[in-house]
$ cat upload-v4.cif   # mmCIF, C-alpha atoms
data_query
#
loop_
_atom_site.label_atom_id
_atom_site.label_comp_id
_atom_site.auth_asym_id
_atom_site.auth_seq_id
_atom_site.Cartn_x
_atom_site.Cartn_y
_atom_site.Cartn_z
CA MET K 1 89.44 97.11 128.39
CA GLU K 2 92.84 95.48 128.22
CA TYR K 3 93.96 97.15 125.01
CA MET K 4 93.39 100.57 126.52
CA SER K 5 96.69 100.19 128.31
CA LEU K 6 98.45 99.74 125.00
CA SER K 7 99.66 103.11 123.84
CA TYR K 8 102.67 104.07 121.81
CA ILE K 9 105.06 107.02 121.71
CA LYS K 10 103.30 110.35 122.30
CA GLY K 11 103.54 113.48 120.20
CA VAL K 12 104.77 111.93 116.96
CA ALA K 13 101.62 111.18 114.94
CA ASN K 14 101.77 113.00 111.62
CA ILE K 15 98.13 113.94 111.06
CA LYS K 16 96.84 117.41 110.25
CA LEU K 17 93.26 118.65 110.27
CA TYR K 18 91.84 121.47 108.15
CA PRO K 19 88.50 122.12 109.86
CA ASP K 20 87.63 124.96 107.48
CA LYS K 21 87.36 122.39 104.67
CA CYS K 22 85.34 119.95 106.81
CA SER K 23 81.67 119.38 106.05
CA GLY K 24 81.07 117.50 109.29
CA CYS K 25 79.94 114.36 107.46
CA GLY K 26 81.69 112.09 109.97
CA GLY K 27 83.10 109.65 107.41
CA CYS K 28 86.48 109.89 109.14
CA ILE K 29 85.02 109.01 112.55
CA GLU K 30 83.48 105.91 111.03
CA VAL K 31 86.74 104.50 109.65
CA CYS K 32 89.11 105.45 112.49
CA PRO K 33 90.12 102.28 114.38
CA HIS K 34 91.60 104.20 117.32
CA ASN K 35 89.03 106.83 118.22
CA VAL K 36 91.33 109.71 117.28
CA LEU K 37 88.75 112.10 115.85
CA ILE K 38 85.53 113.74 116.89
CA ILE K 39 83.10 116.13 115.22
CA GLU K 40 82.72 119.32 117.26
CA ASP K 41 80.44 122.10 116.10
CA HIS K 42 80.14 120.31 112.72
CA LYS K 43 83.93 120.34 112.24
CA VAL K 44 86.54 117.64 112.68
CA ALA K 45 88.74 117.85 115.79
CA PHE K 46 91.10 115.66 117.77
CA LEU K 47 89.79 113.51 120.59
CA ASP K 48 93.25 112.00 121.13
CA GLN K 49 95.91 112.65 118.51
CA ASP K 50 98.41 110.36 120.26
CA ASN K 51 96.26 107.32 119.48
CA CYS K 52 96.73 107.85 115.74
CA ILE K 53 98.60 105.06 113.94
CA GLU K 54 98.73 106.99 110.64
CA CYS K 55 96.79 104.35 108.69
CA GLY K 56 95.33 107.11 106.53
CA GLY K 57 91.80 105.70 106.37
CA CYS K 58 90.30 109.07 107.34
CA MET K 59 92.30 110.93 104.70
CA LYS K 60 91.33 108.44 102.01
CA ASN K 61 87.65 108.70 102.89
CA CYS K 62 87.43 112.46 103.26
CA PRO K 63 85.93 113.85 100.05
CA PHE K 64 86.92 117.38 101.11
CA ASP K 65 90.67 116.94 101.82
CA ALA K 66 90.14 118.14 105.37
CA ILE K 67 92.58 115.58 106.80
CA VAL K 68 96.17 114.99 105.74
CA VAL K 69 98.08 112.02 107.14
CA LYS K 70 101.66 111.12 106.34
CA THR K 71 101.20 107.39 106.05
CA GLY K 72 103.98 104.87 106.34
CA VAL K 73 104.15 101.30 105.16
CA GLY K 74 101.66 98.59 106.13
CA MET U 1 90.87 106.52 88.21
CA GLU U 2 89.53 105.34 84.83
CA ASP U 3 93.06 104.31 83.80
CA LYS U 4 93.50 102.31 86.98
CA ILE U 5 90.22 100.46 86.43
CA LEU U 6 91.08 99.74 82.79
CA LYS U 7 94.47 98.44 83.83
CA LYS U 8 92.69 95.89 86.02
CA TYR U 9 91.31 94.16 82.92
CA SER U 10 94.75 93.39 81.58
CA GLU U 11 96.14 92.38 84.98
CA ASP U 12 93.35 90.00 86.00
CA ARG U 13 94.58 86.58 87.03
CA CYS U 14 91.44 84.50 86.54
CA ASN U 15 93.35 81.30 86.84
CA ILE U 16 93.92 81.19 90.60
CA SER U 17 93.56 77.56 91.56
CA ASP U 18 90.71 76.67 93.89
CA LYS U 19 92.68 73.90 95.56
CA TYR U 20 92.53 75.75 98.89
CA MET U 21 88.79 76.30 98.58
CA ALA U 22 87.40 73.04 97.18
CA HIS U 23 86.75 71.58 100.65
CA SER U 24 85.08 74.82 101.76
CA ILE U 25 82.40 74.75 99.06
CA ASN U 26 78.96 73.30 99.63
CA GLY U 27 77.28 73.09 96.24
CA GLU U 28 76.10 75.90 94.00
CA ILE U 29 73.07 78.11 93.71
CA GLU U 30 71.44 79.34 90.54
CA THR U 31 71.23 83.07 89.94
CA ALA U 32 70.53 85.57 87.17
CA ILE U 33 74.25 85.69 86.41
CA GLY U 34 74.86 81.94 86.47
CA ASN U 35 75.73 79.39 89.09
CA ILE U 36 77.50 80.62 92.21
CA LYS U 37 79.46 78.51 94.67
CA ARG U 38 78.15 78.28 98.21
CA LEU U 39 80.63 78.58 101.07
CA LYS U 40 80.46 76.34 104.10
CA THR U 41 80.21 78.29 107.35
CA GLN U 42 81.69 75.41 109.31
CA LEU U 43 85.46 75.01 109.13
CA VAL U 44 86.75 71.49 108.66
CA ARG U 45 89.91 69.86 109.95
CA LYS U 46 91.88 70.83 106.82
CA ASP U 47 91.07 74.49 107.46
CA HIS U 48 92.33 74.32 111.03
CA LEU U 49 95.46 72.56 109.85
CA ASP U 50 96.03 75.27 107.23
CA HIS U 51 95.62 77.97 109.90
CA LEU U 52 98.12 76.26 112.16
CA LYS U 53 100.59 76.08 109.29
CA VAL U 54 100.08 79.77 108.49
CA ARG U 55 100.67 80.74 112.13
CA PHE U 56 103.92 78.80 112.14
CA GLY U 57 105.11 80.27 108.88
CA ILE U 58 104.65 77.23 106.67
CA HIS U 59 103.45 78.07 103.21
CA ARG U 60 101.82 81.22 104.53
CA ASP U 61 102.43 83.42 101.48
CA ASN U 62 100.58 81.11 99.14
CA TYR U 63 96.94 80.89 100.18
CA HIS U 64 95.27 82.81 97.37
CA VAL U 65 91.61 81.99 96.85
CA PRO U 66 89.83 82.58 93.54
CA THR U 67 88.15 86.00 93.27
CA GLY U 68 84.48 86.44 92.46
CA VAL U 69 81.07 86.10 94.10
CA TYR U 70 80.28 83.39 96.64
CA ALA U 71 77.00 82.60 98.38
CA VAL U 72 76.44 82.03 102.08
CA GLY U 73 73.23 80.24 102.99
CA THR U 74 70.45 80.93 100.50
CA PRO U 75 70.86 84.54 99.42
CA HIS U 76 68.48 86.32 97.07
CA LYS U 77 68.18 89.62 95.25
CA GLU U 78 67.87 91.65 98.46
CA SER U 79 70.68 89.97 100.39
CA PRO U 80 73.62 92.09 101.52
CA ILE U 81 77.03 91.85 99.84
CA LEU U 82 80.19 91.66 101.92
CA VAL U 83 83.52 92.50 100.28
CA THR U 84 86.67 90.72 101.41
CA ALA U 85 90.28 89.86 100.53
CA ASN U 86 91.39 86.75 98.66
CA TYR U 87 93.53 85.37 101.46
CA LYS U 88 92.35 82.02 102.73
CA LEU U 89 92.83 82.91 106.39
CA THR U 90 90.76 86.06 105.87
CA LEU U 91 87.92 84.32 104.06
CA ASP U 92 87.85 81.54 106.67
CA GLN U 93 87.64 84.03 109.57
CA LEU U 94 84.75 85.65 107.77
CA ARG U 95 82.68 82.64 106.69
CA ARG U 96 82.86 80.91 110.09
CA GLU U 97 81.04 83.91 111.58
CA LEU U 98 78.20 83.82 109.06
CA LYS U 99 76.25 80.77 110.27
CA ASN U 100 72.50 81.04 109.58
CA LEU U 101 72.92 84.19 107.51
CA ASN U 102 71.98 84.57 103.86
CA LEU U 103 74.30 86.86 101.94
CA TRP U 104 76.75 87.31 99.12
CA ILE U 105 80.50 87.62 99.43
CA LEU U 106 82.60 89.42 96.85
CA VAL U 107 86.20 88.26 97.02
CA ILE U 108 88.53 90.78 95.38
CA ASP U 109 92.14 90.26 94.30
CA THR U 110 94.47 91.45 97.06
CA LYS U 111 97.29 89.15 95.93
CA GLY U 112 96.56 86.76 98.78
CA ILE U 113 97.08 89.44 101.45
CA ASN U 114 94.76 90.17 104.40
CA VAL U 115 92.43 93.19 104.44
CA TRP U 116 94.43 95.65 106.56
CA CYS U 117 97.83 94.99 105.02
CA ALA U 118 96.37 94.96 101.50
CA ALA U 119 94.64 98.29 102.16
CA GLY U 120 97.90 99.77 103.45
CA LYS U 121 99.78 98.58 100.38
CA GLY U 122 97.04 99.65 97.98
CA SER U 123 95.76 96.35 96.55
CA PHE U 124 92.50 96.45 98.56
CA SER U 125 91.40 99.51 96.63
CA ALA U 126 88.36 101.26 95.20
CA GLU U 127 89.51 100.47 91.65
CA GLU U 128 89.77 96.74 92.43
CA ILE U 129 86.28 96.76 93.98
CA ILE U 130 84.85 98.71 91.04
CA TYR U 131 86.46 96.26 88.63
CA GLN U 132 85.10 93.20 90.46
CA VAL U 133 81.61 94.73 90.81
CA LYS U 134 81.46 95.21 87.05
CA LYS U 135 83.13 91.94 86.12
CA ASN U 136 80.78 89.95 88.36
CA GLN U 137 77.67 91.86 87.21
CA LEU U 138 76.56 92.62 90.73
CA ASP U 139 73.94 95.01 89.34
CA GLU U 140 72.22 91.95 87.83
CA LEU U 141 72.73 89.78 90.91
CA VAL U 142 70.98 92.05 93.42
CA ASN U 143 68.31 94.73 93.46
CA HIS U 144 69.90 96.90 96.15
CA ARG U 145 73.00 99.06 95.71
CA ARG U 146 74.99 98.59 98.88
CA LEU U 147 78.40 97.00 99.49
CA ILE U 148 79.60 96.27 103.02
CA LEU U 149 83.34 96.86 103.26
CA PRO U 150 85.54 95.76 106.14
CA GLN U 151 86.40 98.87 108.16
CA LEU U 152 90.10 98.14 108.04
CA SER U 153 90.06 98.45 104.25
CA ALA U 154 89.53 102.22 104.66
CA PRO U 155 93.24 103.14 104.24
CA GLY U 156 93.02 101.72 100.70
CA VAL U 157 89.42 102.40 99.72
CA ALA U 158 87.82 105.76 99.07
CA ALA U 159 84.23 104.58 99.46
CA HIS U 160 82.76 107.57 97.58
CA GLU U 161 84.72 106.54 94.45
CA ILE U 162 82.90 103.21 94.28
CA PHE U 163 79.55 104.94 94.14
CA LYS U 164 80.72 107.27 91.40
CA TYR U 165 81.67 104.42 89.08
CA THR U 166 79.24 101.63 89.93
CA GLY U 167 76.21 103.14 91.63
CA PHE U 168 76.92 100.89 94.61
CA LYS U 169 77.30 102.66 97.93
CA GLY U 170 80.29 101.37 99.89
CA GLU U 171 79.60 101.30 103.61
CA PHE U 172 82.19 100.41 106.20
CA GLY U 173 81.04 97.54 108.36
CA PRO U 174 82.69 96.37 111.58
CA ILE U 175 86.40 95.56 111.93
CA ARG U 176 85.88 91.98 113.15
CA ALA U 177 83.97 89.30 111.28
CA SER U 178 82.49 88.19 114.61
CA ASP U 179 80.54 91.48 114.79
CA ILE U 180 78.90 91.14 111.37
CA LYS U 181 75.83 89.36 112.65
CA SER U 182 75.09 92.05 115.24
CA TYR U 183 75.94 94.74 112.69
CA ILE U 184 73.30 93.40 110.31
CA GLU U 185 70.74 92.85 113.11
CA ASN U 186 71.50 96.39 114.24
CA GLY U 187 70.26 97.73 110.89
CA PHE U 188 73.73 98.01 109.33
CA LYS U 189 75.04 100.19 112.15
CA ALA U 190 78.39 99.55 113.83
CA THR U 191 78.76 100.41 117.49
CA GLY U 192 81.81 102.31 118.74
CA GLU U 193 83.25 99.09 120.06
CA MET U 194 82.94 97.39 116.67
CA ARG U 195 84.96 100.25 115.20
CA ARG U 196 87.88 100.02 117.64
CA VAL U 197 90.81 97.78 116.80
CA THR U 198 92.11 95.66 119.68
CA PHE U 199 95.31 93.80 120.48
CA THR U 200 94.18 91.37 123.13
CA LEU U 201 96.35 88.71 124.75
CA LYS U 202 94.85 86.12 122.42
CA GLU U 203 95.56 88.26 119.36
CA ARG U 204 99.12 88.90 120.54
CA LEU U 205 99.75 85.20 121.14
CA LEU U 206 98.43 84.37 117.66
CA VAL U 207 101.10 86.47 115.96
CA SER U 208 104.00 85.61 118.27
CA PRO U 209 104.90 82.05 117.09
CA LEU U 210 105.46 83.40 113.58
CA GLU U 211 107.50 86.22 115.07
CA PHE U 212 109.76 83.66 116.75
CA ILE U 213 110.08 81.50 113.65
CA MET U 214 110.86 84.44 111.36
CA SER U 215 113.48 85.62 113.84
CA MET U 216 115.11 82.20 113.91
CA LYS U 217 115.64 82.24 110.13
CA HIS U 218 119.02 83.92 110.56
CA PHE U 219 119.97 81.92 113.60
CA PRO U 220 122.37 79.56 111.74
CA ILE U 221 124.68 82.59 111.33
CA VAL U 222 124.74 83.10 115.11
CA LEU U 223 125.36 79.40 115.58
CA ILE U 224 128.31 79.39 113.17
CA LEU U 225 129.81 82.49 114.81
CA ILE U 226 129.57 80.94 118.26
CA PHE U 227 131.11 77.75 116.90
CA LEU U 228 134.03 79.62 115.29
CA TYR U 229 134.56 81.68 118.42
CA ASN U 230 134.65 78.59 120.61
CA LEU U 231 136.94 76.90 118.09
CA PHE U 232 139.50 79.66 118.57
CA LYS U 233 139.23 79.37 122.31
CA THR U 234 139.50 75.66 122.86
CA THR U 235 138.69 72.43 121.09
CA GLU U 236 137.79 70.79 124.35
CA GLY U 237 134.03 70.37 124.75
CA LEU U 238 133.55 72.34 121.53
CA TRP U 239 130.14 70.90 120.65
CA ILE U 240 128.55 71.05 124.05
CA SER U 241 129.78 74.58 124.71
CA THR U 242 128.54 75.76 121.30
CA VAL U 243 125.14 74.17 121.79
CA MET U 244 124.68 75.53 125.33
CA THR U 245 125.81 79.06 124.45
CA ALA U 246 123.59 79.03 121.37
CA PHE U 247 120.75 77.87 123.61
CA ALA U 248 121.11 81.05 125.67
CA TYR U 249 120.66 83.06 122.46
CA VAL U 250 117.62 80.98 121.43
CA VAL U 251 115.97 81.68 124.78
CA ALA U 252 116.83 85.38 124.40
CA ILE U 253 115.06 85.41 121.02
CA ALA U 254 112.12 83.41 122.43
CA ILE U 255 111.76 85.89 125.30
CA VAL U 256 111.52 88.89 123.02
CA THR U 257 109.25 87.26 120.44
CA LEU U 258 106.96 85.28 122.77
CA VAL U 259 107.17 86.78 126.27
CA LEU U 260 107.32 90.41 125.14
CA PRO U 261 104.08 90.14 123.11
CA ALA U 262 102.37 88.32 125.98
CA LEU U 263 103.40 90.87 128.61
CA LEU U 264 103.23 93.88 126.26
CA PRO U 265 100.89 96.12 128.29
CA LEU U 266 102.64 95.21 131.56
CA LEU U 267 106.18 96.01 130.46
CA PRO U 268 107.46 99.51 131.35
CA PHE U 269 108.43 102.12 128.70
CA ARG U 270 106.69 102.95 125.45
CA MET U 271 109.41 102.15 122.95
CA PHE U 272 109.50 98.47 122.07
CA PHE U 273 113.27 98.16 122.07
CA VAL U 274 113.38 99.59 125.60
CA LYS U 275 110.74 97.06 126.68
CA ALA U 276 112.97 94.41 125.09
CA LEU U 277 116.06 95.76 126.87
CA PHE U 278 114.16 95.59 130.14
CA LEU U 279 113.63 91.87 129.48
CA ALA U 280 117.28 91.61 128.36
CA VAL U 281 118.43 92.86 131.77
CA VAL U 282 116.33 90.18 133.47
CA TRP U 283 117.62 87.49 131.11
CA SER U 284 121.22 88.70 131.56
CA GLY U 285 120.83 88.18 135.29
CA VAL U 286 119.68 84.61 134.71
CA VAL U 287 122.45 83.86 132.20
CA TYR U 288 125.05 85.40 134.51
CA HIS U 289 123.85 83.32 137.41
CA PHE U 290 123.93 80.11 135.36
CA ARG U 291 126.98 81.03 133.26
CA ASP U 292 128.54 77.62 133.91
CA PHE U 293 125.47 75.94 132.47
CA PHE U 294 125.69 78.09 129.31
CA PHE U 295 129.47 77.60 129.02
CA ILE U 296 130.18 81.31 129.00
CA TYR U 297 132.36 81.46 132.07
CA GLY U 298 135.74 81.97 130.37
CA SER U 299 136.28 85.46 131.78
CA SER U 300 134.15 88.41 132.69
CA TYR U 301 135.00 89.86 129.24
CA GLU U 302 133.47 86.83 127.55
CA THR U 303 130.40 86.83 129.75
CA LEU U 304 129.77 90.54 129.31
CA GLY U 305 130.43 90.25 125.57
CA HIS U 306 127.76 87.60 125.14
CA LEU U 307 125.29 89.49 127.30
CA LEU U 308 125.76 92.66 125.23
CA LEU U 309 125.25 90.75 121.97
CA MET U 310 122.13 89.04 123.32
CA ALA U 311 120.71 92.36 124.51
CA SER U 312 121.40 93.93 121.10
CA ILE U 313 119.55 91.14 119.30
CA MET U 314 116.67 91.47 121.76
CA GLY U 315 116.49 95.25 121.31
CA TYR U 316 116.42 94.92 117.53
CA LEU U 317 113.72 92.23 117.59
CA GLY U 318 111.71 94.33 120.05
CA THR U 319 111.44 97.17 117.54
CA ASN U 320 110.83 94.61 114.82
CA PHE U 321 107.68 93.49 116.64
CA THR U 322 106.06 96.93 116.13
CA GLY U 323 105.32 95.72 112.60
CA SER U 324 102.96 93.05 113.92
CA THR U 325 101.01 95.27 116.28
CA THR U 326 97.79 97.18 115.78
CA PHE U 327 98.60 100.40 117.61
CA THR U 328 102.01 101.66 116.44
CA SER U 329 102.46 104.51 113.98
CA PHE U 330 105.08 104.84 111.26
CA SER U 331 106.39 108.09 112.77
CA GLY U 332 106.69 106.40 116.16
CA VAL U 333 108.62 103.46 114.71
CA GLN U 334 110.86 105.92 112.87
CA ARG U 335 111.61 107.78 116.09
CA GLU U 336 112.23 104.51 117.91
CA THR U 337 114.52 103.20 115.15
CA LEU U 338 116.67 106.34 115.34
CA ARG U 339 117.22 105.63 119.03
CA LEU U 340 117.68 101.91 118.48
CA ILE U 341 120.48 102.13 115.89
CA PRO U 342 123.17 103.70 118.13
CA VAL U 343 122.22 101.42 121.02
CA VAL U 344 122.50 98.28 118.88
CA ALA U 345 125.69 99.54 117.21
CA ILE U 346 127.34 100.11 120.59
CA GLY U 347 126.03 96.77 121.89
CA VAL U 348 127.22 94.74 118.90
CA LEU U 349 130.61 96.42 118.52
CA GLY U 350 131.21 96.46 122.27
CA GLY U 351 130.12 92.85 122.62
CA MET U 352 132.36 91.68 119.79
CA ALA U 353 135.29 93.72 121.09
CA LEU U 354 134.94 92.13 124.52
CA LEU U 355 134.80 88.64 123.04
CA LEU U 356 137.90 89.28 120.93
CA LEU U 357 139.65 90.83 123.90
CA ASP U 358 138.99 87.62 125.78
CA LEU U 359 140.73 85.62 123.02
CA PHE U 360 143.91 87.68 123.19
CA ILE U 361 144.49 87.99 126.89
#

$ encode --input "upload-v4.cif" --output "structure tokens"
Amino acid sequence: MEYMSLSYIKGVANIKLYPDKCSGCGGCIEVCPHNVLIIEDHKVAFLDQDNCIECGGCMKNCPFDAIVVKTGVG
Amino acid sequence: MEDKILKKYSEDRCNISDKYMAHSINGEIETAIGNIKRLKTQLVRKDHLDHLKVRFGIHRDNYHVPTGVYAVGTPHKESPILVTANYKLTLDQLRRELKNLNLWILVIDTKGINVWCAAGKGSFSAEEIIYQVKKNQLDELVNHRRLILPQLSAPGVAAHEIFKYTGFKGEFGPIRASDIKSYIENGFKATGEMRRVTFTLKERLLVSPLEFIMSMKHFPIVLILIFLYNLFKTTEGLWISTVMTAFAYVVAIAIVTLVLPALLPLLPFRMFFVKALFLAVVWSGVVYHFRDFFFIYGSSYETLGHLLLMASIMGYLGTNFTGSTTFTSFSGVQRETLRLIPVVAIGVLGGMALLLLDLFI
């Protein structure tokens, strides 16, 4: 529960979703360590965009290019 | 992709010494592809000593373990395969959680870097896994076609690529090694909690000693500057005043590298340098109150000068700590750095100006 109070700057995360390309497979949900994404009506959507740390795991594991993240270092 | 895999063959460093692993091996088991070393699941004193050294920055960039397949317990042709990085600390965290399990571990070459960082930098990659799967003849070793990948390797590994080139299906397991047992018992399903990264007090305190030690690497410069400054002022009590003033700076650095991580969720503001400045204000109050003790009582210019310099160092180190956290984004750090630079510039220039002013009046 403790880590829930850890949140960083809001409104900066550079992650874009293209739901029209999404197949709803949920691969992105599986790899996301911060619960950023959700599948709604078989398409990817944000649950909380501000939690995104731009690791890029979702982008890397989306076979349909439905997520684009501008990843930084580390 | 094919080029990248081919390149792996020419880059392979098969000759990584096993000097960090020898005490972690408990015999060998015979398999269809030859003898395979069995890992102990109990850490010994040497392991704990190594971990302590790593946490305090001694020798921490040189704990490569040899790549390849290892056994845990008495695995057979149906036993699961876990993939991990070739950093000793990583492999130790993993194997200690595997007591009473029978499985295979595939250690890939991540240049001695942990899973998450290696994935971010690209060495924990699909091509490296594909290369190691082929090189180690995993298709002969087991009957199934499933690889369990650490979830935090996802930024570097496109799991669907592995299947395309090896026939093995890469599945992301839990983030923490401690969840692997329940993950397997759960029928290879990770719960939501297993998939969420944390940054608990314990985890924060594990990274903070190194943070302090790394920050102290440049401290001799501060020490010399304080010495020179005091030299210009007076030769009387030069050593004691230098040591005591430097001590105030050491505590300032300790506060931002040890106290800030510990109190992280309790400190106000989102930006790390502002959290650090909040602590700097508190510390400034203490230093001001005990300015005689720290030998910075020459004039209010001198006192304020030192306090500004200390606050600037603290602000900078505050932002620096974002790099050791699990919940900061690159864009966020970029935004924070843009705010930090003018603040630190004003603090450093202002602080130095005040100290010089004190010398000439």

$ residues_near_point --input "upload-v4.cif" --point "(87.3, 114.2, 101.0)" --cutoff "10 Å" --atoms "only C-alpha atoms" --output "number ranges by chain"
K: 21-23, 25, 27-28, 58-67; U: 158, 160

$ write_last_selection --input "upload-v4.cif" --atoms "C-alpha atoms" --output "PDB file, in the frame of the given file"
ATOM      1  CA  LYS K  21      87.360 122.390 104.670  1.00  0.00           C
ATOM      2  CA  CYS K  22      85.340 119.950 106.810  1.00  0.00           C
ATOM      3  CA  SER K  23      81.670 119.380 106.050  1.00  0.00           C
ATOM      4  CA  CYS K  25      79.940 114.360 107.460  1.00  0.00           C
ATOM      5  CA  GLY K  27      83.100 109.650 107.410  1.00  0.00           C
ATOM      6  CA  CYS K  28      86.480 109.890 109.140  1.00  0.00           C
ATOM      7  CA  CYS K  58      90.300 109.070 107.340  1.00  0.00           C
ATOM      8  CA  MET K  59      92.300 110.930 104.700  1.00  0.00           C
ATOM      9  CA  LYS K  60      91.330 108.440 102.010  1.00  0.00           C
ATOM     10  CA  ASN K  61      87.650 108.700 102.890  1.00  0.00           C
ATOM     11  CA  CYS K  62      87.430 112.460 103.260  1.00  0.00           C
ATOM     12  CA  PRO K  63      85.930 113.850 100.050  1.00  0.00           C
ATOM     13  CA  PHE K  64      86.920 117.380 101.110  1.00  0.00           C
ATOM     14  CA  ASP K  65      90.670 116.940 101.820  1.00  0.00           C
ATOM     15  CA  ALA K  66      90.140 118.140 105.370  1.00  0.00           C
ATOM     16  CA  ILE K  67      92.580 115.580 106.800  1.00  0.00           C
TER      17      ILE K  67
ATOM     18  CA  ALA U 158      87.820 105.760  99.070  1.00  0.00           C
ATOM     19  CA  HIS U 160      82.760 107.570  97.580  1.00  0.00           C
TER      20      HIS U 160
END

$ closest_atom_pairs --input "upload-v4.cif" --of "chain U" --to "chain K" --cutoff "7 Å" --atoms "all atoms listed in the file" --output "CSV"
residue,atom,partner,partner_atom,distance
U:Cys117,CA,K:Gly74,CA,5.4
U:Gly120,CA,K:Gly74,CA,4.8
U:Lys121,CA,K:Gly74,CA,6.0
U:Gln151,CA,K:Val31,CA,5.8
U:Ala154,CA,K:Gly57,CA,4.5
U:Pro155,CA,K:Gly57,CA,3.6
U:Val157,CA,K:Lys60,CA,6.7
U:Ala158,CA,K:Asn61,CA,4.8
U:Ala159,CA,K:Asn61,CA,6.4
U:Arg195,CA,K:Pro33,CA,5.6
U:Arg196,CA,K:Pro33,CA,4.6
U:Val197,CA,K:Pro33,CA,5.2
U:Thr198,CA,K:Tyr3,CA,5.8
U:Phe199,CA,K:Tyr3,CA,5.8
U:Thr200,CA,K:Tyr3,CA,6.1
U:Pro265,CA,K:Leu6,CA,5.5
U:Arg270,CA,K:Tyr8,CA,5.5
U:Met271,CA,K:Ile9,CA,6.6
U:Phe327,CA,K:Ile53,CA,5.9
U:Thr328,CA,K:Ile53,CA,5.4
U:Ser329,CA,K:Ile53,CA,3.9
U:Phe330,CA,K:Gly72,CA,5.0
U:Ser331,CA,K:Val12,CA,5.9
U:Gly332,CA,K:Ile9,CA,5.8

$ atom_distance --input "upload-v4.cif" --atom1 "CA of Phe294 in chain U" --atom2 "CA of Leu340 in chain U"
27.4 Å

$ closest_residue --input "upload-v4.cif" --among "U:Leu258, U:Met194, U:Ile148, U:Leu359" --to "Asp179 in chain U" --atoms "all atoms listed in the file"
U:Met194

$ atom_distance --input "upload-v4.cif" --atom1 "CA of Phe168 in chain U" --atom2 "CA of Phe188 in chain U"
15.3 Å

$ resolve_selection --input "upload-v4.cif" --expression "the PyMOL selection byres ((chain U and resi 44-55) around 10)" --output "list in words"
Tyr20, Met21, His23, Ser24, Lys40, Thr41, Gln42, Leu43, Phe56, Gly57, Ile58, His59, Arg60, Asp61, Asn62, Tyr63, Lys88, Leu89, Asp92, Leu206, Val207, Ser208, Pro209, Leu210, Glu211 and Ile213 of chain U

$ write_last_selection --input "upload-v4.cif" --atoms "C-alpha atoms" --output "PDB file, keeping the file's coordinate frame"
ATOM      1  CA  TYR U  20      92.530  75.750  98.890  1.00  0.00           C
ATOM      2  CA  MET U  21      88.790  76.300  98.580  1.00  0.00           C
ATOM      3  CA  HIS U  23      86.750  71.580 100.650  1.00  0.00           C
ATOM      4  CA  SER U  24      85.080  74.820 101.760  1.00  0.00           C
ATOM      5  CA  LYS U  40      80.460  76.340 104.100  1.00  0.00           C
ATOM      6  CA  THR U  41      80.210  78.290 107.350  1.00  0.00           C
ATOM      7  CA  GLN U  42      81.690  75.410 109.310  1.00  0.00           C
ATOM      8  CA  LEU U  43      85.460  75.010 109.130  1.00  0.00           C
ATOM      9  CA  PHE U  56     103.920  78.800 112.140  1.00  0.00           C
ATOM     10  CA  GLY U  57     105.110  80.270 108.880  1.00  0.00           C
ATOM     11  CA  ILE U  58     104.650  77.230 106.670  1.00  0.00           C
ATOM     12  CA  HIS U  59     103.450  78.070 103.210  1.00  0.00           C
ATOM     13  CA  ARG U  60     101.820  81.220 104.530  1.00  0.00           C
ATOM     14  CA  ASP U  61     102.430  83.420 101.480  1.00  0.00           C
ATOM     15  CA  ASN U  62     100.580  81.110  99.140  1.00  0.00           C
ATOM     16  CA  TYR U  63      96.940  80.890 100.180  1.00  0.00           C
ATOM     17  CA  LYS U  88      92.350  82.020 102.730  1.00  0.00           C
ATOM     18  CA  LEU U  89      92.830  82.910 106.390  1.00  0.00           C
ATOM     19  CA  ASP U  92      87.850  81.540 106.670  1.00  0.00           C
ATOM     20  CA  LEU U 206      98.430  84.370 117.660  1.00  0.00           C
ATOM     21  CA  VAL U 207     101.100  86.470 115.960  1.00  0.00           C
ATOM     22  CA  SER U 208     104.000  85.610 118.270  1.00  0.00           C
ATOM     23  CA  PRO U 209     104.900  82.050 117.090  1.00  0.00           C
ATOM     24  CA  LEU U 210     105.460  83.400 113.580  1.00  0.00           C
ATOM     25  CA  GLU U 211     107.500  86.220 115.070  1.00  0.00           C
ATOM     26  CA  ILE U 213     110.080  81.500 113.650  1.00  0.00           C
TER      27      ILE U 213
END

$ closest_residue --input "upload-v4.cif" --among "U:Arg38, U:Leu356, U:Thr74, U:Leu138" --to "Phe232 in chain U" --atoms "all atoms listed in the file"
U:Leu356

$ decode --input "upload-v4.cif" --residues "range 41-55 of chain K" --atoms "C-alpha atoms" --output "compact mmCIF listing (two decimals), in the first residue's frame"
# COMPACT_ATOMS: atom_id res chain seq x y z
CA ASP K 41 -14.31 -2.80 -25.38
CA HIS K 42 -11.42 -4.90 -26.76
CA LYS K 43 -9.24 -1.80 -27.24
CA VAL K 44 -6.36 -0.40 -25.22
CA ALA K 45 -7.10 2.66 -23.07
CA PHE K 46 -5.55 4.58 -20.20
CA LEU K 47 -6.35 3.64 -16.63
CA ASP K 48 -3.89 6.24 -15.32
CA GLN K 49 -1.52 7.85 -17.80
CA ASP K 50 0.31 9.77 -15.05
CA ASN K 51 1.65 6.52 -13.60
CA CYS K 52 3.60 5.81 -16.79
CA ILE K 53 7.38 5.75 -16.37
CA GLU K 54 8.00 5.42 -20.14
CA CYS K 55 9.83 2.10 -19.83
